[in-house]
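Before any comments, here is the structure.
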Amino acid sequence: MAATVSSLAEAGLVERRPDPADGRRRVIALTAEGRRRAEESRQARGEWLAAQLQSKCTEDERQTVIAAMSVLERLVQE
């Protein structure tokens, strides 16, 4: 994990800061560029999924996926 975080820090995607509650720890946070890239990636994955659902699923299948996503969202929020 340390090597991964170091690579991300070198690329300017994350920054390490001291943990204000515990000086022995470091907080890892996305930089503005890291947030931009994460959002860009999330959007691309969403567009890919939408295209796949549109081209490979029936309307009934799409509605089933939407209903399942609603249940999953509820589970994550609880």
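Residue names in the structure tokens use chain letters A, B, ... in the order shown, residue numbers from 1 in each chain, and ligand numbers from 1 in the order shown.
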
If we count only C-alpha atoms and set the cut-off at 6 Å, which residues sit around region 9-15 of chain A, ignoring sequence neighbours fewer than 2 positions away in its own chain? Please answer as a PyMOL selection string.
chain A and resi 6-7+28-31+33-34

As an MDAnalysis selection string, which residues of chain A does DSSP assign to helix (DSSP H, G or I)?
chainID A and resid 2:10 32:56 59:77

When DSSP works through the backbone of this structure, what residues of chain A end up as strand (DSSP E), shown as an NGL selection string?
:A and (14-19 or 22-30)

May I have the selected residues written with C-alpha atoms, as a CSV table (one decimal), in the first residue's frame?
```
chain,number,residue,atom,x,y,z
A,14,VAL,CA,-2.8,12.5,-3.3
A,15,GLU,CA,-1.2,14.4,-0.5
A,16,ARG,CA,0.0,13.2,2.9
A,17,ARG,CA,-0.7,15.3,5.9
A,18,PRO,CA,-0.2,14.8,9.7
A,19,ASP,CA,-3.3,13.5,11.5
A,22,ASP,CA,-2.6,11.5,16.3
A,23,GLY,CA,0.8,12.8,15.4
A,24,ARG,CA,2.1,9.3,14.6
A,25,ARG,CA,-0.4,8.9,11.8
A,26,ARG,CA,-0.7,10.5,8.3
A,27,VAL,CA,-3.9,11.4,6.5
A,28,ILE,CA,-4.0,10.7,2.8
A,29,ALA,CA,-6.3,13.0,0.8
A,30,LEU,CA,-7.0,13.5,-2.9
```
